[in-house]
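Participant: Could you have a look at this structure, given as structure tokens, before my questions?
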Amino acid sequence: MALRARLKELLADALPRDFAFAFYHISTSPTKCAPLFSPSQGIKPERTYCESHLLNVSITQAHSEKSQEVLMFAIEISIYTTKRLTTLFVSKADSTGYLHLLSLPRIHASPLRTITSTFVSYLVSRRQRPGVRFVVSLFARAQGQYLFPNSVENKSKHVSTDRELVRWWCRVLDPIVQEHAPEESNGEDIPNAGEDRQQTTAQAYLIVPGEDSMASFLPPKVRANPILRKRWKYGHPLREIAPYPAIPPRCLIPHFPDDPKARFLDELDEELPKSNSQASESPSKRGNGHWKSVRTLEQFWETMAFRQECSSGRLVGFIWIVFSPPEMSHDNDDEVTSQQSDTAPSTPSRKRSQDGSASLDPSSPTKNGRPTAKNKELAKRRQFTGTIVPRQPRIKSSRSNSTSFSAMVLETTKFYHWPADSRGQIVLNEKDYRRAIEVMLRLDFGSQELTAASTKRWIDEVGILAGLNHGWGCSIVGKKAPTEIPSASDVKNVAASNILQLKRKATESGENNNGAPNTLSTGLVRKKPKTEEFSETNGVPPRPGVNMLGGSLVKKKPKAP
């Protein structure tokens with residue numbers, strides 16, 4: 001079972017030339033789940049579907065007698081879809097630290113960053129729907145291990161710091177932003193700016209609670225280019241992606257699993273009034289959906305800076321990329337309920353139709369939303385007549401392969417788009433997918449031997465879950481030629497040139513007209529004087545600015561008789 005052809009081609013073009021990688025991609029079909037956003041008063045919860053993806057990457061040690069395959073990287077992604085929004089949430093990403101077994105030259109770009117950027121970009125391109133906004137969301141929080149247990153014991157694994165991880169994700173996502181047109185542009189800055197209105201635009205957002213600027217987290221080329229820097233904003237797009245910006249803040253913040261801000265949301269929701277029968281209470285008793293302690297989104301992010309995940313020397317970065325189609329759809333009619341639905345009885349009585357079947361009759365008398373005793377007695381006397389149409393039996397199976405399982409789900413509805421070329425090599429139901437994740441979380445990746453054994457076991461277990469009698473996965477050999485990295489002297493000269501450009505003065509810089517780096521003249525260079533002990537034998541006077549008493553001026557304390 002091979003990887004999707006287009007994704008395979010993109011990965012081959014991005015990976016270093018003549019180096020082989022094996023890919024194992026599993027996913028689920030869109031399944032109805034709890035909504036990401038809490039509903040406001042008078043608005044139904046959004047009908048939401050969730051689809052999960054796991055991409056595992058393995059390598060084989062180069063120039064080794066034992067051909068042992070070891071997993072070296074994994075990324076898990078969840079795709080949430082509603083009628084008006086598609087959200088790609090990067091749930092987890094982890095490495096085992098065994099990439100060094102390939103002995104890659106340093107002139108190649110990092111395969112981990114390349115694979116992540118290519119995979120996310122491919123899912124974005126294949127899951128965009130006409131007139132529906134698309135959002136990529138993640139939070140960067142450094143941790144020793146996420147998906148590979150005991151991998152932190154591998155000394156070759158580099159565990160990034162909080163700041164390093166935020167910078168890494170910005171470098172991963174920036175190429176995806178640059179692939180799309182900017183939100184605001186003029187003809188002077190960006191070519192073909194007049195065509196932007198006919199293209200999907202992209203805008204990146206970054207917020208780090210406790211930090212006032214994002215400049216230190218962006219890639220160097222973005223910081224140096226004002227045009228590219230406009231593609232990143234310090235803040236959040238929660239109001240922009242919300243269908244109703246005036247609703248309470250708790251309804252604007254998505255509730256992702258294992259998310260620091262989601263845990264904060266749960267704690268703040270405890271401030272809301274609790275009742276077992278909110279539908280029968282007046283709006284004044286139910287509350288208006290606002291928290292008591294946090295009233296605005298700005299206050300929410302300010303308070304997040306003092307949370308345990310974002311304080312005590314820790315740092316968490318929240319990143320979004322908003323992709324806006326040229327023509328947005330604003331069809332939310334089915335999400336809003338009428339005022340009568342809040343006061344209508346929850347269980348109307350039944351009414352017999354002409355064909356003898358029973359149906360609900362909202363006009364029949366009820367008491368407190370329940371049928372009266374008279375209606376219950378009438379219901380017992382009624383006898384249903386008509387043709388009985390038997391249902392086809394459904395065969396339940398604990399195992400399902402990708403072919404039969406995928407055929408049961410529609411490819412496109414008004415709530416999601418599920419094209420075949422962006423599904424996993426193996427499509428599992430939600431139960432079997434969670435089983436595949438649990439198997440990996442119970443394995444041991446503490447050493448190379450254990451990692452090789454765990455790799456084989458996980459691949460075999462997933463094959464059994466899918467009902468396969470043969471191996472699966474896809475081997476890809478990279479095609480990208482190495483890129484030249486500037487020498488250390490070049491980097492030093494560029495850094496010195498940038499510093500001098502900041503400090504120079506127009507009249508004292510000795511500015512060259514030939515394009516050479518600006519340097520200070522000899523007369524403007526101030527050297528620190530050497531520290532040297534003064535003595536009468538060398539005849540060197542003391543340094544200016546240092547007051548010293550001569551020998552004749554030193555008063556000695558007389559000795560006691």
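Residues are referred to by chain and number: the chain letter is A, B, ... according to the order shown in the structure tokens, the number counts from 1 in that chain, and ligands are numbered separately from 1 in the order shown.
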Need the shell around A:Arg126: protein/DNA/RNA residues with any atom at most 12 Å away, counting only C-alpha atoms. Skip same-chain ones fewer than 4 positions apart. Format as a PDB file with C-alpha atoms, in the first residue's frame?

Facilitator:
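In the end it all went to part27.pdb:
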ATOM      1  CA  ARG A   4      -0.421   9.039  -2.120  1.00  0.00           C
ATOM      2  CA  ARG A   6       1.340  13.623  -5.100  1.00  0.00           C
ATOM      3  CA  LEU A   7       2.527  13.629  -1.485  1.00  0.00           C
ATOM      4  CA  ILE A  79      -8.573  18.356  11.158  1.00  0.00           C
ATOM      5  CA  THR A  86     -11.727  24.168   8.607  1.00  0.00           C
ATOM      6  CA  LEU A  88      -5.889  21.982  11.077  1.00  0.00           C
ATOM      7  CA  PHE A 119       3.078  17.466   5.032  1.00  0.00           C
ATOM      8  CA  VAL A 120       1.186  20.415   6.536  1.00  0.00           C
ATOM      9  CA  SER A 121       1.315  22.332   3.257  1.00  0.00           C
ATOM     10  CA  TYR A 122      -0.069  19.337   1.355  1.00  0.00           C
ATOM     11  CA  PRO A 130     -14.510  27.175  -1.825  1.00  0.00           C
ATOM     12  CA  PHE A 134      -8.967  27.552   6.631  1.00  0.00           C
ATOM     13  CA  TYR A 416     -16.317  18.570   5.304  1.00  0.00           C
ATOM     14  CA  HIS A 417     -14.223  17.658   2.271  1.00  0.00           C
ATOM     15  CA  TRP A 418     -12.442  14.285   2.350  1.00  0.00           C
ATOM     16  CA  PRO A 419     -10.601  13.718  -0.945  1.00  0.00           C
ATOM     17  CA  ALA A 420      -9.050  10.310  -1.493  1.00  0.00           C
ATOM     18  CA  ASP A 421      -5.616  11.636  -2.409  1.00  0.00           C
ATOM     19  CA  SER A 422      -5.069  13.169   1.049  1.00  0.00           C
ATOM     20  CA  ARG A 423      -6.093  10.189   3.164  1.00  0.00           C
TER      21      ARG A 423
END

Participant: In stretch 90-293 of chain A, what's alpha helix (DSSP H) per DSSP? Answer as JSON, numbers by chain?

Facilitator: {"A": [111, 112, 113, 114, 115, 116, 117, 118, 119, 120, 121, 122, 123, 124, 125, 126, 127, 162, 163, 164, 165, 166, 167, 168, 169, 170, 171, 172, 173, 174, 175, 176, 177, 178, 220, 221, 222, 223, 224, 226, 227, 228, 229, 238, 239, 240, 241, 260, 261, 262, 263, 264, 265, 266, 267, 268, 269, 283, 284, 285, 286]}

Participant: For A:Gly471, work out the shell of residues within 10 Å, counting only C-alpha atoms and skipping chain neighbours fewer than 6 positions away, then give it as an MDAnalysis selection string.

Facilitator: chainID A and resid 1 459:460 462:464

Participant: Using only C-alpha atoms for the distances, tell me which of A:Val439, A:Leu85, A:Val90, A:Val152 is nearest to A:Val322.

Facilitator: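 Ranked by minimum distance to A:Val322, first place goes to A:Leu85.
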
Participant: Can you list every residue in stretch 98-159 of chain A that DSSP puts in strand (DSSP E), as JSON, numbers by chain?

Facilitator: {"A": [133, 134, 135, 136, 137, 138, 139, 140]}

Participant: Please write the residues from the selection above to a file, keeping N, CA and C atoms, as a JSON list (two decimals), in the first residue's frame.

Facilitator:
[["chain", "number", "residue", "atom", "x", "y", "z"],
["A", 133, "ARG", "N", -13.13, 29.53, 5.13],
["A", 133, "ARG", "CA", -11.83, 29.90, 5.68],
["A", 133, "ARG", "C", -11.12, 28.68, 6.27],
["A", 134, "PHE", "N", -9.80, 28.66, 6.15],
["A", 134, "PHE", "CA", -8.97, 27.55, 6.63],
["A", 134, "PHE", "C", -7.97, 28.12, 7.64],
["A", 135, "VAL", "N", -7.80, 27.43, 8.76],
["A", 135, "VAL", "CA", -6.91, 27.90, 9.83],
["A", 135, "VAL", "C", -5.98, 26.76, 10.24],
["A", 136, "VAL", "N", -4.68, 27.07, 10.31],
["A", 136, "VAL", "CA", -3.69, 26.16, 10.90],
["A", 136, "VAL", "C", -3.38, 26.68, 12.29],
["A", 137, "SER", "N", -3.48, 25.82, 13.29],
["A", 137, "SER", "CA", -3.30, 26.24, 14.67],
["A", 137, "SER", "C", -2.41, 25.24, 15.40],
["A", 138, "LEU", "N", -1.55, 25.76, 16.27],
["A", 138, "LEU", "CA", -0.72, 24.90, 17.11],
["A", 138, "LEU", "C", -0.20, 25.71, 18.28],
["A", 139, "PHE", "N", 0.28, 25.03, 19.30],
["A", 139, "PHE", "CA", 0.99, 25.67, 20.39],
["A", 139, "PHE", "C", 2.32, 24.96, 20.57],
["A", 140, "ALA", "N", 3.37, 25.72, 20.74],
["A", 140, "ALA", "CA", 4.72, 25.19, 20.86],
["A", 140, "ALA", "C", 5.13, 25.21, 22.32]]

Participant: Choose the residue, out of A:Thr296, A:Thr387, A:Gln178, A:Thr303, that has the smallest atom-to-atom separation from A:Ile227; count only C-alpha atoms.

Facilitator: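 Looking at the shortest contact to A:Ile227, the residue is A:Gln178.
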
Participant: Excluding stretch 229-235 of chain A and any residue of its chain fewer than 2 positions from it, enumerate the residues within 12 Å of it, using only C-alpha atoms, and give them as a PyMOL selection string.

Facilitator: chain A and resi 170-171+173-185+189-190+201-209+211-227+237-240+297-298+301-302+317-323
